[in-house]
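Q: Submitted below is the structure of interest, expressed as structure tokens.
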Amino acid sequence: MSITLLGAGHHLHAARRIDGYSSCVHRAELRAPDGSTLTAYVKAFPSDNKALANEVAGYLLAKACGLTTAPRAFILLMHVRKLRKLFPEHKWPGSDDDLYPTWATEELHDSKLTLVSEADAIVWRERVQQWDQLPYAIAFHQWLQNIDANAGNLLWLEGNEFALIDYADILGGQDWTPESLESAGYLHNKLLQLAYGGVPDKAAARAIEESHRVADSAWRQTKGTIMDWWGDLLKRKDREAACRFIEARSDPEWIKGKVA
């Protein structure tokens, strides 16, 4: 379980751009470290925020929690000229030959965006309630204060199986500060709302609380790798504050009463 740094030469072909909100996304062909070719979704964040650091931590923690997510993830260096060509409406810093770090996740084959229209809401809810990882996913978002765990950030695989994507808005959002982490309170857990209308029955609430027991182990397993990446992506005071925030909420008792 790791994230690999890829140089600019690993970006082989940009297949198509995908309209996003806070990020610039395109589907691309990449050359993996072993020389094979893979299809990935590449995200560049044009604003000066903590989205890339959030993606790193969220992905590694999701994998450690046993949640289904992208098979592999990379920090991909891209030439600024490519980003300017793909996304000319944004301002990209530096000269054309400068390198810009982006987030790349391997495509989950045969996945589809989940049903999000009002007409499909009942079918979607019934299906997601049968997903065996649902309690873990809800607890995961609660633990990491993910403010954007919407239906569009779940990929439908088949039957009642889903996969998580997009961790850019953990820790209360992409512009979090040590002060905002200190004052973080109520979370509108969008997945909890979508699956249970915000009010799970006692059995579901108990399952979510029990699922949070994996948090401490997941954090201890990934902390070293996350802190290594954060050393390059965050200021010292920010990474120390985020570390304290995650650790304090990793206790199995922390979640009690927060999803009932």
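Residue numbering restarts at 1 for every chain of the structure tokens, chains are lettered A, B, ... in their displayed order, and ligands are numbered from 1 as they appear.
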Neighbours of range 220-226 of chain A within 9 Å (only C-alpha atoms; same-chain residues fewer than 6 positions away dropped), as a ChimeraX atom specification?
A: /A:1-3,53,56-57,60-61,64,243,247
Q: Just the residues within 9 Å of range 197-205 of chain A, please, counting only C-alpha atoms, with nothing from its chain fewer than 5 positions along; format it as an NGL selection string.
A: :A and (135 or 188-192 or 210 or 257 or 259-260)
Q: My list of candidates is A:Ile138, A:Leu181, A:Ile147, A:Leu154. Which is closest to Tyr196 in chain A when distances are computed with only C-alpha atoms?
A: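 Of the candidates, the smallest distance to Tyr196 in chain A is held by A:Ile138.
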Q: Would you list, as a PyMOL selection string, the residues of range 147-218 of chain A that end up in strand (DSSP E) under DSSP run on this structure's backbone?
A: chain A and resi 154-158+161-164
Q: Out of A:Gln193, A:Asn160, A:Gln145, A:Thr39, which residue has the shortest atom-to-atom distance to Ala242 in chain A when counting only C-alpha atoms?
A: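 Looking at the shortest contact to Ala242 in chain A, the residue is A:Gln145.
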Q: Need to verify the contact set: Glu55 in chain A, 12 Å, only C-alpha atoms, exclusion of same-chain residues closer than 5 positions in sequence. Can you return it as a PyMOL selection string?
A: chain A and resi 3+23+42-45+49-50+60-62+70+73-75+102-105+144+146+164-171+173-174+226+229-230+233
Q: Using N, CA and C atoms, can you write the selected residues to a file as a tab-separated table (two decimals), in the first residue's frame?
A:
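Printed below is part_23.tsv as written:
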```tsv
chain	number	residue	atom	x	y	z
A	3	ILE	N	1.94	5.13	-2.46
A	3	ILE	CA	1.70	6.06	-3.55
A	3	ILE	C	3.04	6.30	-4.22
A	23	SER	N	-11.36	21.01	-9.00
A	23	SER	CA	-10.17	20.44	-9.63
A	23	SER	C	-10.34	20.39	-11.14
A	42	VAL	N	-6.66	11.92	-13.81
A	42	VAL	CA	-5.65	12.83	-13.31
A	42	VAL	C	-6.32	14.13	-12.87
A	43	LYS	N	-6.02	14.55	-11.64
A	43	LYS	CA	-6.62	15.76	-11.08
A	43	LYS	C	-5.52	16.76	-10.75
A	44	ALA	N	-5.70	17.97	-11.23
A	44	ALA	CA	-4.79	19.07	-10.88
A	44	ALA	C	-5.60	20.12	-10.15
A	45	PHE	N	-5.05	20.66	-9.10
A	45	PHE	CA	-5.75	21.66	-8.30
A	45	PHE	C	-5.11	23.02	-8.56
A	49	ASN	N	-4.31	25.30	-2.23
A	49	ASN	CA	-5.04	24.72	-1.11
A	49	ASN	C	-4.39	23.40	-0.71
A	50	LYS	N	-5.06	22.65	0.16
A	50	LYS	CA	-4.49	21.42	0.70
A	50	LYS	C	-5.14	20.18	0.09
A	60	LEU	N	-4.75	6.59	1.32
A	60	LEU	CA	-4.00	5.61	2.11
A	60	LEU	C	-4.83	5.08	3.28
A	61	LEU	N	-5.58	5.95	3.91
A	61	LEU	CA	-6.40	5.52	5.05
A	61	LEU	C	-7.57	4.66	4.59
A	62	ALA	N	-8.15	4.99	3.45
A	62	ALA	CA	-9.24	4.17	2.91
A	62	ALA	C	-8.75	2.76	2.62
A	70	ALA	N	-9.61	3.13	-5.69
A	70	ALA	CA	-8.77	2.91	-6.87
A	70	ALA	C	-7.66	1.91	-6.57
A	73	ALA	N	-2.59	4.55	-6.87
A	73	ALA	CA	-2.62	6.01	-6.90
A	73	ALA	C	-1.20	6.53	-7.05
A	74	PHE	N	-1.09	7.68	-7.69
A	74	PHE	CA	0.22	8.25	-7.99
A	74	PHE	C	0.17	9.77	-7.81
A	75	ILE	N	1.31	10.34	-7.46
A	75	ILE	CA	1.50	11.77	-7.68
A	75	ILE	C	2.28	11.89	-8.97
A	102	THR	N	0.31	16.56	-9.72
A	102	THR	CA	-1.11	16.25	-9.87
A	102	THR	C	-1.40	14.92	-9.20
A	103	TRP	N	-2.67	14.63	-9.01
A	103	TRP	CA	-3.12	13.40	-8.37
A	103	TRP	C	-3.70	12.47	-9.43
A	104	ALA	N	-3.22	11.24	-9.49
A	104	ALA	CA	-3.67	10.30	-10.50
A	104	ALA	C	-4.10	9.00	-9.84
A	105	THR	N	-5.29	8.51	-10.19
A	105	THR	CA	-5.78	7.26	-9.65
A	105	THR	C	-6.16	6.32	-10.80
A	144	LEU	N	-12.79	11.37	9.42
A	144	LEU	CA	-11.91	12.30	8.73
A	144	LEU	C	-12.59	13.62	8.36
A	146	ASN	N	-15.09	14.41	6.36
A	146	ASN	CA	-15.24	14.59	4.92
A	146	ASN	C	-16.55	15.31	4.64
A	164	LEU	N	-15.16	3.94	-3.17
A	164	LEU	CA	-14.98	5.34	-2.81
A	164	LEU	C	-13.99	6.01	-3.75
A	165	ILE	N	-14.25	7.26	-4.08
A	165	ILE	CA	-13.28	8.10	-4.78
A	165	ILE	C	-13.33	9.49	-4.16
A	166	ASP	N	-12.31	10.28	-4.42
A	166	ASP	CA	-12.27	11.71	-4.09
A	166	ASP	C	-12.19	11.97	-2.58
A	167	TYR	N	-10.98	12.25	-2.14
A	167	TYR	CA	-10.73	12.55	-0.73
A	167	TYR	C	-10.26	13.99	-0.53
A	168	ALA	N	-10.49	14.83	-1.52
A	168	ALA	CA	-9.97	16.20	-1.47
A	168	ALA	C	-10.59	17.04	-0.36
A	169	ASP	N	-11.78	16.63	0.11
A	169	ASP	CA	-12.47	17.46	1.10
A	169	ASP	C	-12.55	16.84	2.48
A	170	ILE	N	-11.59	15.97	2.81
A	170	ILE	CA	-11.50	15.52	4.20
A	170	ILE	C	-10.94	16.68	5.03
A	171	LEU	N	-10.95	16.50	6.34
A	171	LEU	CA	-10.44	17.50	7.29
A	171	LEU	C	-11.22	18.81	7.21
A	173	GLY	N	-12.49	20.21	4.46
A	173	GLY	CA	-12.40	20.94	3.20
A	173	GLY	C	-10.97	21.22	2.79
A	174	GLN	N	-10.81	21.77	1.61
A	174	GLN	CA	-9.48	21.95	1.03
A	174	GLN	C	-8.71	23.14	1.61
A	226	ILE	N	2.09	8.79	5.29
A	226	ILE	CA	1.36	10.05	5.15
A	226	ILE	C	2.23	11.23	5.58
A	229	TRP	N	4.81	12.18	2.92
A	229	TRP	CA	4.25	12.97	1.83
A	229	TRP	C	3.88	14.36	2.31
A	230	TRP	N	3.28	14.45	3.49
A	230	TRP	CA	2.90	15.76	4.03
A	230	TRP	C	4.12	16.64	4.27
A	233	LEU	N	4.25	18.45	1.16
A	233	LEU	CA	3.03	19.12	0.70
A	233	LEU	C	2.46	20.14	1.69
```
Q: Figure out the distance between CA of Gly58 in chain A and CA of Ser22 in chain A, please, to one decimal in Å.
A: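 Taking CA of Ser22 in chain A and CA of Gly58 in chain A, their separation equals 16.8 Å.
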Q: What residues in range 21-191 of chain A get the DSSP label alpha helix (DSSP H)? Please answer as a ChimeraX atom specification.
A: /A:51-64,80-86,121-129,134-143,178-182,190-191
Q: Which distance in Å separates CA of Tyr21 in chain A and CA of Thr69 in chain A, to one decimal?
A: 20.6 Å
Q: Measure the distance from CA of Glu29 in chain A to CA of Gly231 in chain A in Å and round it to one decimal.
A: 28.6 Å
Q: Quick one: of A:His10, A:Ile122, A:Val214, A:Glu161, who's nearest to Lys63 in chain A, counting only C-alpha atoms?
A: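 Counting only C-alpha atoms, the residue closest to Lys63 in chain A is A:Val214.
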Q: Considering only C-alpha atoms, state which residue in the set A:His90, A:Lys256, A:Arg127, A:Lys85 is at the smallest distance from Ala207 in chain A.
A: A:Lys256
